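Novice: Sharing my_file_2.cif below, mmCIF, C-alpha atoms and all ligand atoms:
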data_query
loop_
_atom_site.label_atom_id
_atom_site.label_comp_id
_atom_site.auth_asym_id
_atom_site.auth_seq_id
_atom_site.Cartn_x
_atom_site.Cartn_y
_atom_site.Cartn_z
CA MET A 1 0.00 0.00 0.00
CA LYS A 2 1.51 3.31 -1.12
CA PHE A 3 -0.57 6.41 -1.72
CA LEU A 4 0.20 9.51 -3.71
CA VAL A 5 -1.66 12.63 -2.59
CA PHE A 6 -2.08 15.61 -4.95
CA GLY A 7 -2.98 18.85 -3.17
CA ALA A 8 -0.72 18.39 -0.13
CA ASN A 9 -1.19 21.99 1.07
CA SER A 10 -4.97 22.03 0.77
CA GLN A 11 -6.86 21.99 4.06
CA LEU A 12 -8.04 18.48 3.22
CA GLY A 13 -4.54 17.43 2.14
CA GLN A 14 -3.10 18.61 5.45
CA GLU A 15 -5.65 16.58 7.42
CA LEU A 16 -5.10 13.54 5.22
CA ILE A 17 -1.35 13.73 5.70
CA ARG A 18 -1.87 13.93 9.47
CA LEU A 19 -4.00 10.78 9.42
CA LEU A 20 -1.70 8.88 7.06
CA THR A 21 1.28 9.79 9.23
CA ASP A 22 -0.55 8.52 12.34
CA THR A 23 -1.38 5.23 10.65
CA GLU A 24 2.17 4.84 9.32
CA ILE A 25 0.91 4.07 5.81
CA GLU A 26 3.51 4.78 3.14
CA PHE A 27 2.64 7.86 1.09
CA SER A 28 4.01 10.75 -0.97
CA ALA A 29 2.29 14.11 -1.09
CA LEU A 30 2.80 16.80 -3.74
CA ASP A 31 1.61 20.35 -4.17
CA THR A 32 1.92 23.08 -6.79
CA ASP A 33 5.51 23.96 -5.95
CA GLN A 34 6.57 20.34 -6.59
CA LEU A 35 4.23 19.54 -9.45
CA ASP A 36 1.83 21.65 -11.48
CA LEU A 37 -1.17 19.60 -12.57
CA LEU A 38 -1.33 21.71 -15.71
CA LYS A 39 1.93 20.15 -16.95
CA PRO A 40 0.70 16.70 -18.07
CA LYS A 41 4.15 15.40 -19.06
CA GLU A 42 5.52 16.25 -15.60
CA VAL A 43 2.48 14.56 -14.06
CA VAL A 44 3.19 11.33 -15.98
CA LYS A 45 6.86 11.45 -14.96
CA ALA A 46 6.11 12.07 -11.28
CA VAL A 47 3.39 9.42 -10.96
CA SER A 48 5.50 6.83 -12.84
CA ARG A 49 8.53 7.58 -10.64
CA ILE A 50 6.59 7.37 -7.35
CA ASN A 51 4.61 4.35 -8.61
CA PRO A 52 1.81 4.44 -6.01
CA THR A 53 -0.85 1.78 -5.51
CA GLN A 54 -3.51 4.53 -5.43
CA LEU A 55 -3.69 8.21 -6.29
CA ILE A 56 -5.73 10.63 -4.17
CA ASN A 57 -6.54 14.02 -5.69
CA VAL A 58 -7.56 16.79 -3.27
CA SER A 59 -6.04 19.64 -5.28
CA THR A 60 -8.43 22.20 -6.70
CA TYR A 61 -9.02 25.77 -7.76
CA SER A 62 -11.31 26.87 -4.92
CA ASN A 63 -11.95 30.64 -5.07
CA LEU A 64 -15.65 30.56 -6.00
CA GLN A 65 -16.19 34.31 -6.00
CA LYS A 66 -13.14 35.13 -8.08
CA ALA A 67 -14.01 32.43 -10.61
CA GLU A 68 -17.47 34.00 -10.89
CA SER A 69 -16.42 37.60 -11.31
CA ASP A 70 -13.08 37.42 -13.14
CA PRO A 71 -12.95 35.69 -16.58
CA GLN A 72 -9.21 34.95 -16.21
CA ALA A 73 -9.83 33.26 -12.88
CA ALA A 74 -12.76 31.34 -14.37
CA LYS A 75 -10.42 30.04 -17.08
CA ARG A 76 -7.83 28.97 -14.53
CA CYS A 77 -10.54 27.34 -12.41
CA ASP A 78 -11.68 25.38 -15.43
CA LEU A 79 -8.14 24.36 -16.37
CA ILE A 80 -7.18 23.12 -12.91
CA ASN A 81 -10.48 21.43 -12.07
CA THR A 82 -11.04 19.89 -15.49
CA ASP A 83 -7.80 19.59 -17.53
CA GLY A 84 -5.80 18.87 -14.37
CA VAL A 85 -8.14 15.99 -13.57
CA THR A 86 -7.87 14.70 -17.15
CA ALA A 87 -4.07 14.54 -16.79
CA LEU A 88 -4.37 12.54 -13.57
CA ALA A 89 -7.07 10.25 -14.98
CA ARG A 90 -4.96 9.42 -18.05
CA VAL A 91 -1.83 8.55 -16.14
CA CYS A 92 -3.87 6.43 -13.72
CA LYS A 93 -5.40 4.52 -16.61
CA GLN A 94 -2.00 4.11 -18.27
CA LEU A 95 -0.44 2.72 -15.09
CA ASN A 96 -3.60 0.88 -13.95
CA ILE A 97 -3.80 2.80 -10.67
CA PRO A 98 -7.14 3.52 -8.96
CA ILE A 99 -7.83 7.22 -8.45
CA ILE A 100 -9.85 8.75 -5.60
CA HIS A 101 -10.93 12.24 -6.62
CA HIS A 102 -12.56 14.84 -4.39
CA SER A 103 -15.47 16.81 -5.75
CA SER A 104 -18.16 19.12 -4.45
CA SER A 105 -21.89 19.45 -3.77
CA TYR A 106 -21.70 22.52 -6.03
CA VAL A 107 -22.25 20.25 -9.04
CA PHE A 108 -25.95 20.67 -8.08
CA ASP A 109 -28.15 23.73 -8.55
CA GLY A 110 -29.29 23.86 -4.92
CA LEU A 111 -33.00 23.88 -5.72
CA LYS A 112 -33.80 20.51 -4.17
CA LYS A 113 -35.45 20.77 -0.76
CA GLU A 114 -33.98 17.52 0.60
CA THR A 115 -30.37 16.38 0.73
CA TYR A 116 -28.85 15.42 -2.64
CA ASP A 117 -28.38 11.75 -3.61
CA GLU A 118 -25.70 10.45 -5.99
CA GLU A 119 -28.43 9.74 -8.59
CA ASP A 120 -29.69 13.34 -8.61
CA GLU A 121 -29.01 15.15 -11.82
CA ALA A 122 -26.06 17.55 -11.73
CA ASN A 123 -26.84 21.07 -12.85
CA PRO A 124 -24.05 23.38 -11.73
CA VAL A 125 -24.86 27.09 -11.77
CA CYS A 126 -21.51 28.77 -11.04
CA SER A 127 -18.09 28.57 -12.72
CA TYR A 128 -16.56 26.58 -9.88
CA GLY A 129 -19.47 24.10 -9.85
CA LYS A 130 -19.25 23.66 -13.61
CA SER A 131 -15.51 23.05 -13.48
CA LYS A 132 -15.95 20.41 -10.76
CA TRP A 133 -18.70 18.73 -12.81
CA TYR A 134 -16.56 18.69 -15.98
CA GLY A 135 -13.72 17.26 -13.87
CA GLU A 136 -15.99 14.45 -12.72
CA ARG A 137 -17.12 13.73 -16.27
CA THR A 138 -13.60 13.52 -17.67
CA LEU A 139 -12.59 11.20 -14.84
CA ARG A 140 -15.51 8.84 -15.53
CA GLU A 141 -14.63 8.79 -19.22
CA GLU A 142 -10.87 8.37 -18.84
CA ALA A 143 -10.35 6.11 -15.83
CA GLU A 144 -12.54 3.13 -15.08
CA LYS A 145 -11.04 2.54 -11.63
CA HIS A 146 -12.18 5.76 -10.03
CA ILE A 147 -14.00 6.94 -6.95
CA ILE A 148 -15.50 10.41 -6.83
CA LEU A 149 -16.18 11.65 -3.32
CA ARG A 150 -18.38 14.74 -3.12
CA THR A 151 -18.55 16.72 0.10
CA ASP A 152 -20.23 19.91 1.24
CA TRP A 153 -18.42 22.94 2.69
CA LEU A 154 -15.18 22.08 4.52
CA PHE A 155 -13.70 23.92 7.48
CA SER A 156 -10.56 23.40 9.53
CA ALA A 157 -7.90 25.24 11.48
CA HIS A 158 -5.94 25.56 8.20
CA ARG A 159 -8.70 27.78 6.76
CA ASN A 160 -10.09 29.57 9.81
CA LYS A 161 -10.92 32.96 8.26
CA TYR A 162 -14.66 32.26 8.35
CA PHE A 163 -14.50 31.71 12.12
CA LEU A 164 -12.23 34.72 12.73
CA ASN A 165 -14.36 37.09 10.65
CA LEU A 166 -17.53 35.88 12.32
CA ILE A 167 -16.18 36.48 15.84
CA ASP A 168 -14.69 39.89 14.92
CA SER A 169 -17.85 41.03 13.19
CA CYS A 170 -20.05 40.00 16.10
CA LYS A 171 -17.88 42.00 18.50
CA GLU A 172 -17.53 45.06 16.25
CA ASN A 173 -21.27 45.28 15.60
CA ALA A 174 -22.50 44.61 19.13
CA GLY A 175 -24.01 41.26 18.17
CA LYS A 176 -25.68 42.31 14.93
CA ILE A 177 -24.52 40.07 12.11
CA SER A 178 -25.75 39.02 8.67
CA VAL A 179 -25.51 35.63 7.02
CA VAL A 180 -26.63 34.15 3.75
CA ASP A 181 -29.83 32.15 4.19
CA ASN A 182 -28.56 28.88 2.72
CA ARG A 183 -28.79 25.29 3.93
CA PHE A 184 -25.65 23.18 4.08
CA SER A 185 -23.78 20.60 6.08
CA PRO A 186 -20.40 22.03 7.07
CA THR A 187 -17.85 19.27 7.59
CA HIS A 188 -14.50 19.32 9.33
CA ALA A 189 -11.74 18.58 6.80
CA GLY A 190 -10.36 16.00 9.25
CA ASP A 191 -13.67 14.14 9.07
CA ALA A 192 -13.53 14.16 5.25
CA ALA A 193 -9.93 12.87 5.48
CA ARG A 194 -11.16 10.03 7.73
CA VAL A 195 -13.66 9.10 5.02
CA ILE A 196 -11.00 9.11 2.28
CA LEU A 197 -8.82 6.87 4.42
CA GLY A 198 -11.75 4.48 4.95
CA ILE A 199 -12.27 4.28 1.19
CA VAL A 200 -8.65 3.80 0.14
CA LYS A 201 -8.12 1.03 2.67
CA GLN A 202 -11.01 -0.93 1.15
CA VAL A 203 -9.84 -0.23 -2.39
CA ASP A 204 -6.49 -1.63 -1.27
CA CYS A 205 -8.32 -4.87 -0.40
CA ASN A 206 -9.44 -5.06 -4.05
CA ALA A 207 -13.03 -4.00 -3.34
CA GLU A 208 -14.76 -3.26 -6.68
CA VAL A 209 -16.50 -0.10 -5.49
CA TRP A 210 -15.94 2.32 -8.37
CA GLY A 211 -18.38 5.20 -8.69
CA THR A 212 -19.61 8.37 -7.00
CA TYR A 213 -20.28 8.81 -3.29
CA HIS A 214 -21.56 11.59 -1.03
CA TYR A 215 -20.34 12.49 2.42
CA ASN A 216 -20.86 15.38 4.80
CA ALA A 217 -21.29 15.73 8.54
CA MET A 218 -24.63 14.61 9.92
CA GLN A 219 -27.57 16.99 10.24
CA ALA A 220 -27.78 19.77 7.64
CA VAL A 221 -28.28 23.26 9.09
CA ASN A 222 -29.15 26.73 7.92
CA GLN A 223 -26.15 29.02 7.99
CA ASP A 224 -27.53 31.05 10.91
CA GLN A 225 -27.79 27.86 13.00
CA PHE A 226 -24.18 27.01 12.18
CA VAL A 227 -23.04 30.54 13.01
CA LEU A 228 -24.90 30.41 16.31
CA HIS A 229 -23.29 27.09 17.17
CA VAL A 230 -19.83 28.53 16.43
CA LEU A 231 -20.47 31.71 18.44
CA GLU A 232 -21.84 29.85 21.45
CA GLU A 233 -18.79 27.59 21.47
CA ALA A 234 -16.46 30.57 21.01
CA ALA A 235 -18.17 32.42 23.88
CA LYS A 236 -17.01 29.66 26.24
CA LEU A 237 -13.46 30.75 25.47
CA ASP A 238 -14.05 34.49 25.03
CA ALA A 239 -15.50 36.62 27.86
CA VAL A 240 -16.14 39.64 25.60
CA LEU A 241 -18.14 37.54 23.16
CA ASP A 242 -20.02 35.87 26.00
CA LYS A 243 -21.31 39.29 27.16
CA ILE A 244 -22.45 40.21 23.65
CA LEU A 245 -24.24 36.95 22.81
CA PRO A 246 -27.52 37.64 24.67
CA SER A 247 -28.15 40.56 22.28
CA LEU A 248 -27.26 38.55 19.16
CA GLU A 249 -29.36 39.38 16.10
CA ILE A 250 -28.84 37.42 12.91
CA GLU A 251 -30.04 38.97 9.69
CA LEU A 252 -30.70 36.57 6.81
CA LEU A 253 -29.62 37.63 3.35
CA PRO A 254 -30.69 36.11 0.04
CA VAL A 255 -28.52 33.48 -1.63
CA GLU A 256 -26.86 34.72 -4.80
CA ARG A 257 -24.48 33.11 -7.28
CA PRO A 258 -21.93 31.60 -6.91
CA TYR A 259 -23.62 30.19 -3.80
CA ILE A 260 -26.59 27.82 -3.86
CA GLN A 261 -29.66 27.51 -1.63
CA ASN A 262 -29.11 23.92 -0.54
CA SER A 263 -25.84 22.00 -0.83
CA ALA A 264 -26.39 19.29 1.78
CA LEU A 265 -25.75 15.69 0.71
CA ASN A 266 -27.28 12.36 1.61
CA ALA A 267 -24.55 10.00 2.82
CA SER A 268 -26.44 6.70 2.94
CA LYS A 269 -24.75 5.15 -0.13
CA ILE A 270 -21.27 5.50 1.40
CA MET A 271 -22.61 3.92 4.59
CA GLY A 272 -24.17 1.03 2.64
CA THR A 273 -21.08 0.40 0.51
CA PHE A 274 -18.17 1.14 2.84
CA GLY A 275 -19.83 1.14 6.29
CA ILE A 276 -18.66 4.75 6.72
CA LYS A 277 -20.85 6.51 9.30
CA GLN A 278 -21.56 10.21 9.34
CA HIS A 279 -19.96 12.06 12.24
CA SER A 280 -21.08 15.16 14.05
CA ARG A 281 -19.39 18.46 13.24
CA GLY A 282 -19.38 19.53 16.90
CA ALA A 283 -15.93 18.22 17.81
CA GLY A 284 -14.45 19.83 14.69
CA ILE A 285 -15.92 23.25 15.53
CA THR A 286 -14.52 23.02 19.05
CA ALA A 287 -11.11 22.02 17.71
CA VAL A 288 -10.91 25.00 15.33
CA LEU A 289 -11.93 27.41 18.11
CA GLU A 290 -9.44 25.89 20.55
CA GLU A 291 -6.75 26.45 17.93
CA ILE A 292 -7.85 30.07 17.44
CA TYR A 293 -7.91 30.78 21.20
CA GLY A 294 -4.68 28.87 21.85
CA VAL A 295 -6.28 26.21 24.03
CA LYS A 296 -4.27 23.01 24.26
CA LYS A 297 -6.02 20.16 22.48
CA GLU A 298 -6.55 16.96 24.45
CA LYS A 299 -7.39 14.73 21.47
CA PRO A 300 -7.83 14.95 17.68
CA PRO A 301 -10.94 16.84 16.51
CA VAL A 302 -12.71 14.21 14.48
CA GLN A 303 -13.31 11.25 16.75
CA GLY A 304 -17.08 11.76 16.34
CA SER A 305 -18.06 9.78 19.42
CA SER A 306 -21.73 9.19 20.10
CA ALA A 307 -21.39 11.63 23.00
CA ALA A 308 -20.37 14.37 20.57
CA ILE A 309 -23.32 13.56 18.33
CA THR A 310 -25.77 13.84 21.19
CA GLY A 311 -24.22 17.12 22.23
CA ASP A 312 -24.65 18.49 18.74
CA ASN A 313 -28.34 17.62 18.60
CA GLU A 314 -29.01 19.21 21.95
CA ARG A 315 -27.21 22.34 20.91
CA GLN A 316 -29.32 22.54 17.79
CA ALA A 317 -32.51 22.67 19.82
CA ARG A 318 -31.09 25.25 22.21
CA THR A 319 -29.54 27.57 19.67
CA THR A 320 -32.49 27.97 17.34
CA THR A 321 -34.52 29.59 20.09
CA ARG A 322 -31.77 31.95 21.16
CA ALA A 323 -31.07 34.10 18.10
CA LYS A 324 -33.54 36.47 16.53
CA ARG A 325 -33.84 35.73 12.81
CA LYS A 326 -34.68 38.48 10.35
CA LYS A 327 -35.17 38.10 6.61
CA THR A 328 -33.86 40.88 4.43
CA SER A 329 -33.47 41.54 0.75
CA THR A 330 -30.21 43.45 1.04
CA LYS A 331 -27.08 42.42 -0.88
CA LYS A 332 -25.32 39.45 0.61
CA PRO A 333 -21.78 39.54 1.95
CA SER A 334 -19.17 37.05 0.75
CA GLN A 335 -19.54 33.45 1.89
CA SER A 336 -15.95 33.33 3.03
CA LYS A 337 -16.73 36.34 5.23
CA PRO A 338 -20.35 35.61 6.13
CA PRO A 339 -21.35 38.29 8.61
CA ALA A 340 -21.48 41.72 6.97
CA LYS A 341 -19.91 44.47 9.02
CA LYS A 342 -22.90 46.72 8.58
CA ALA A 343 -26.12 44.81 8.20
CA VAL A 344 -28.96 46.83 6.68
CA LYS A 345 -32.29 45.73 8.08
CA GLN A 346 -35.49 45.68 6.09
CA LYS A 347 -37.81 48.45 7.18
N1 LIG B 401 -13.30 23.91 0.77
C1 LIG B 401 -14.54 23.52 0.67
O1 LIG B 401 -15.45 24.09 1.28
C2 LIG B 401 -14.90 22.32 -0.20
C3 LIG B 401 -16.23 21.93 -0.30
C4 LIG B 401 -16.56 20.80 -1.08
C5 LIG B 401 -15.56 20.13 -1.76
N2 LIG B 401 -14.29 20.56 -1.66
C6 LIG B 401 -13.26 19.84 -2.41
O2 LIG B 401 -12.32 19.30 -1.49
C7 LIG B 401 -11.03 19.26 -2.10
C8 LIG B 401 -10.06 19.99 -1.20
O3 LIG B 401 -10.50 21.32 -1.00
P1 LIG B 401 -9.73 22.30 -0.03
O4 LIG B 401 -10.68 23.35 0.41
O5 LIG B 401 -9.03 21.49 1.00
O6 LIG B 401 -8.68 22.93 -1.04
P2 LIG B 401 -7.74 24.22 -0.81
O7 LIG B 401 -7.43 24.35 0.63
O8 LIG B 401 -8.35 25.36 -1.52
O9 LIG B 401 -6.41 23.81 -1.56
C9 LIG B 401 -6.35 23.52 -2.93
C10 LIG B 401 -4.96 22.98 -3.21
O10 LIG B 401 -4.85 22.66 -4.61
C11 LIG B 401 -3.56 23.09 -5.03
N3 LIG B 401 -3.51 23.41 -6.46
C12 LIG B 401 -4.15 24.43 -7.10
N4 LIG B 401 -3.78 24.45 -8.39
C13 LIG B 401 -2.91 23.43 -8.57
C14 LIG B 401 -2.17 22.96 -9.69
N5 LIG B 401 -2.25 23.54 -10.90
N6 LIG B 401 -1.34 21.91 -9.52
C15 LIG B 401 -1.23 21.32 -8.32
N7 LIG B 401 -1.91 21.71 -7.21
C16 LIG B 401 -2.73 22.77 -7.35
C17 LIG B 401 -3.32 24.36 -4.23
O11 LIG B 401 -1.95 24.66 -4.22
P3 LIG B 401 -1.48 26.17 -4.00
O12 LIG B 401 -1.88 26.50 -2.58
O13 LIG B 401 -0.02 26.12 -4.20
O14 LIG B 401 -2.22 26.99 -5.01
C18 LIG B 401 -3.86 23.97 -2.87
O15 LIG B 401 -2.91 23.31 -2.07
C19 LIG B 401 -11.21 19.89 -3.48
O16 LIG B 401 -11.43 18.90 -4.43
C20 LIG B 401 -12.47 20.72 -3.33
O17 LIG B 401 -13.12 20.94 -4.55
C21 LIG B 401 -13.93 21.63 -0.89
#
Would you mind writing the structure in this file as structure tokens?

Specialist:
Amino acid sequence: MKFLVFGANSQLGQELIRLLTDTEIEFSALDTDQLDLLKPKEVVKAVSRINPTQLINVSTYSNLQKAESDPQAAKRCDLINTDGVTALARVCKQLNIPIIHHSSSYVFDGLKKETYDEEDEANPVCSYGKSKWYGERTLREEAEKHIILRTDWLFSAHRNKYFLNLIDSCKENAGKISVVDNRFSPTHAGDAARVILGIVKQVDCNAEVWGTYHYNAMQAVNQDQFVLHVLEEAAKLDAVLDKILPSLEIELLPVERPYIQNSALNASKIMGTFGIKQHSRGAGITAVLEEIYGVKKEKPPVQGSSAAITGDNERQARTTTRAKRKKTSTKKPSQSKPPAKKAVKQK
């Protein structure tokens, strides 16, 4: 067993490397500075030289907003997420190596009310979503031995801007914040890495499990519920925030492209095929906040014990009653910086 990971510096790549290191599985991990996916000849050379038993691709172009507003960025997004995947798929086919490729719930249009199944028709509406969908298609065409794992929004200590901006904005605006009114299932990148590891171990045992699978943390939430969960956890570590929280007011803003109304995924197929259970996101949120506030971690963030799951459900019930929700038709702030500094309320 020897894995090759593309996208070593991605938040998911970092978590995967941590897990692989813990399990002492042999692996190599490459990022842009070692190998540019857009140089297919270099890709062939590198993969042939390393000669892995499986290739895991978690590299991506991921700036949704830039890809939507800047034609040059959209082109780059398309190249990396489509042509880059083609290069990997071809070398995997040539060398008869299975490829595990990470994709996104943004291949859907977000109009479905329930969580998305693998059989639901893809209909991406933004540049990033389209590029991920084209990447999936090229992989299916080029490499028979493939697994596509789609997840919803990932968070981790490696990409903690969302958490930092949320906390700062809440403090600066005396508890008045704005979030986009979307439904999703935020997932700790460490949890997604756990799922990848579960898959590749079974592929290593010659399981014929090729195809597309969905995974995200259990229990989809609206973004205001997620934000409330994060702020309540943060308040346990932050006395200033704790004083502000009782006057918290969350304004809901309309969802606009590149974001979609509902990106939550149904993870029953991955459970049925691989026995991979959904974990709670609660432990992951706590871990990111502990990192931000410099609290020493006792254990890894993604153990997902049943105790953590129960805690998450209880919190859900508590938090929804605490914040005041207001709908508004004002312009939305960026998703990577969800709470607007100055929320304009509807009169
Ligand atoms: N983040 C999310 O919310 C989310 C949600 C659903 C699915 N996903 C999927 O999960 C996977 C990992 O996402 P992530 O958020 O962890 O990614 P990320 O942190 O944005 O990192 C992407 C990585 O890809 C590398 N990369 C970009 N262009 C490359 C190229 N031409 N050649 C080689 N490497 C290149 C980047 O290297 P540089 O840093 O050097 O540019 C970076 O390390 C992706 O497939 C993504 O689509 C992510």

Novice: At what distance in Å, to one decimal, does atom CA of Asn216 of chain A lie from atom N1 of ligand LIG 401 (chain B)?

Specialist: 12.1 Å

Novice: Go through A:Leu149, A:Leu95, A:Val180, A:Leu154 and flag the residue nearest ligand LIG 401 (chain B), using all atoms listed in the file for the distances.

Specialist: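 Closest to ligand LIG 401 (chain B) of all the choices is A:Leu154.
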
Novice: For a test of reading the model, state the distance in Å between atom P1 of ligand LIG 401 (chain B) and atom CA of Lys176 of chain A, rounded to one decimal.

Specialist: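 If I compute the distance from atom P1 of ligand LIG 401 (chain B) to atom CA of Lys176 of chain A, I get 29.6 Å.
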
Novice: Name all residues at most 12 Å from Asp238 of chain A (count only C-alpha atoms; drop same-chain ones fewer than 6 positions away) and give them as number ranges by chain.

Specialist: A: 167-168, 171, 230-232, 244-245, 289-290, 292-295

Novice: Rank nothing, just name the residue among A:Asn266, A:Thr273, A:Gln14, A:Gln261 nearest to Gly211 of chain A, using only C-alpha atoms.

Specialist: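 Looking at the shortest contact to Gly211 of chain A, the residue is A:Thr273.
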
Novice: Between atom CA of Gly110 of chain A and atom CA of Leu64 of chain A, what is the distance in Å, rounded to a tenth?

Specialist: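 Between atom CA of Gly110 of chain A and atom CA of Leu64 of chain A the gap is 15.2 Å.
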
Novice: Please put the answer as AutoDock Vina command-line options: centre and edge lengths, in Å with one decimal, of a box along x, y and z that encloses all listed atoms of segment 3-8 of chain A plus 6 Å on each side.

Specialist:
--center_x -1.4 --center_y 12.6 --center_z -2.5 --size_x 15.2 --size_y 24.4 --size_z 16.8

Novice: Using only C-alpha atoms and all ligand atoms, what does the table of chain A residues within 6 Å of ligand LIG 401 (chain B) look like, with each row giving the shortest atom pair and its distance in Å to one decimal, sorted by chain and ascending number, as JSON lines?

Specialist:
{"residue": "A:Gly7", "atom": "CA", "partner": "B:LIG401", "partner_atom": "O10", "distance": 4.5}
{"residue": "A:Ala8", "atom": "CA", "partner": "B:LIG401", "partner_atom": "O15", "distance": 5.7}
{"residue": "A:Asn9", "atom": "CA", "partner": "B:LIG401", "partner_atom": "O15", "distance": 3.8}
{"residue": "A:Ser10", "atom": "CA", "partner": "B:LIG401", "partner_atom": "O9", "distance": 3.3}
{"residue": "A:Gln11", "atom": "CA", "partner": "B:LIG401", "partner_atom": "O5", "distance": 3.8}
{"residue": "A:Leu12", "atom": "CA", "partner": "B:LIG401", "partner_atom": "O5", "distance": 3.9}
{"residue": "A:Asp31", "atom": "CA", "partner": "B:LIG401", "partner_atom": "N7", "distance": 4.8}
{"residue": "A:Thr32", "atom": "CA", "partner": "B:LIG401", "partner_atom": "C15", "distance": 3.9}
{"residue": "A:Leu35", "atom": "CA", "partner": "B:LIG401", "partner_atom": "C15", "distance": 5.9}
{"residue": "A:Asp36", "atom": "CA", "partner": "B:LIG401", "partner_atom": "N6", "distance": 3.7}
{"residue": "A:Leu37", "atom": "CA", "partner": "B:LIG401", "partner_atom": "N6", "distance": 3.8}
{"residue": "A:Leu38", "atom": "CA", "partner": "B:LIG401", "partner_atom": "N5", "distance": 5.2}
{"residue": "A:Val58", "atom": "CA", "partner": "B:LIG401", "partner_atom": "C7", "distance": 4.4}
{"residue": "A:Ser59", "atom": "CA", "partner": "B:LIG401", "partner_atom": "O10", "distance": 3.3}
{"residue": "A:Thr60", "atom": "CA", "partner": "B:LIG401", "partner_atom": "O10", "distance": 4.2}
{"residue": "A:Tyr61", "atom": "CA", "partner": "B:LIG401", "partner_atom": "C12", "distance": 5.1}
{"residue": "A:Ser62", "atom": "CA", "partner": "B:LIG401", "partner_atom": "O8", "distance": 4.8}
{"residue": "A:Ile80", "atom": "CA", "partner": "B:LIG401", "partner_atom": "N5", "distance": 5.3}
{"residue": "A:His102", "atom": "CA", "partner": "B:LIG401", "partner_atom": "O16", "distance": 4.2}
{"residue": "A:Ser103", "atom": "CA", "partner": "B:LIG401", "partner_atom": "O16", "distance": 4.7}
{"residue": "A:Ser104", "atom": "CA", "partner": "B:LIG401", "partner_atom": "C5", "distance": 3.9}
{"residue": "A:Thr151", "atom": "CA", "partner": "B:LIG401", "partner_atom": "C4", "distance": 4.7}
{"residue": "A:Asp152", "atom": "CA", "partner": "B:LIG401", "partner_atom": "C4", "distance": 4.4}
{"residue": "A:Trp153", "atom": "CA", "partner": "B:LIG401", "partner_atom": "O1", "distance": 3.5}
{"residue": "A:Leu154", "atom": "CA", "partner": "B:LIG401", "partner_atom": "O1", "distance": 3.8}

Novice: Compute the distance from (-16.4, 32.0, -10.6) to each atom, counting all atoms listed in the file, keep the residues with any atom at most 10 Å away, and return them as JSON, numbers by chain; use the coordinates of the file.

Specialist: {"A": [62, 63, 64, 65, 66, 67, 68, 69, 70, 71, 72, 73, 74, 75, 76, 77, 78, 125, 126, 127, 128, 129, 130, 131, 257, 258]}

Novice: Using all atoms listed in the file for the distances, tell me which of A:Leu228, A:Ile199, A:Leu248, A:Val179 is nearest to Met271 of chain A.

Specialist: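 For Met271 of chain A, the nearest of the candidates is A:Ile199.
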
Novice: Using all atoms listed in the file, which of the listed residues (A:Ile260, A:Val200, A:Ala220, A:Ala234) sits closest to Asn123 of chain A?

Specialist: A:Ile260

Novice: Could you tell me which of A:Leu253, A:Ile177, A:Leu164, A:Ala267 comes closest to Tyr215 of chain A if we count all atoms listed in the file?

Specialist: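 The closest residue to Tyr215 of chain A is A:Ala267.
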
Novice: Name the residues in contact with Ser48 of chain A at a cut-off of 10 Å, using all atoms listed in the file, excluding same-chain residues fewer than 4 positions from it; report them as a PyMOL selection string.

Specialist: chain A and resi 42-44+52+91-92+94-95

Novice: Would you be able to write out as a tab-separated table (two decimals) with C-alpha atoms, keeping the file's coordinate frame which residues have an atom within 7 Å of (-18.8, 23.6, 10.6) in the file's coordinates, counting only C-alpha atoms?

Specialist:
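Written file, result_6.tsv:
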chain	number	residue	atom	x	y	z
A	155	PHE	CA	-13.70	23.92	7.48
A	186	PRO	CA	-20.40	22.03	7.07
A	187	THR	CA	-17.85	19.27	7.59
A	188	HIS	CA	-14.50	19.32	9.33
A	226	PHE	CA	-24.18	27.01	12.18
A	281	ARG	CA	-19.39	18.46	13.24
A	285	ILE	CA	-15.92	23.25	15.53

Novice: From the options A:Leu55, A:Leu88, A:Cys170, A:Ala217, which residue's atoms come nearest to Leu265 of chain A, counting only C-alpha atoms?

Specialist: A:Ala217

Novice: Which polymer residues have any atom within 6 Å of an atom of segment 132-136 of chain A, counting all atoms listed in the file, with same-chain residues fewer than 5 positions away left out, as number ranges by chain?

Specialist: A: 81-82, 85, 107

Novice: List the neighbours of Gln219 of chain A out to 8 Å using all atoms listed in the file; skip same-chain residues closer than 2 positions along the sequence, and give me the result as a compact mmCIF listing (two decimals) with C-alpha atoms, in the coordinates of the input.

Specialist:
# COMPACT_ATOMS: atom_id res chain seq x y z
CA SER A 185 -23.78 20.60 6.08
CA ALA A 217 -21.29 15.73 8.54
CA VAL A 221 -28.28 23.26 9.09
CA SER A 280 -21.08 15.16 14.05
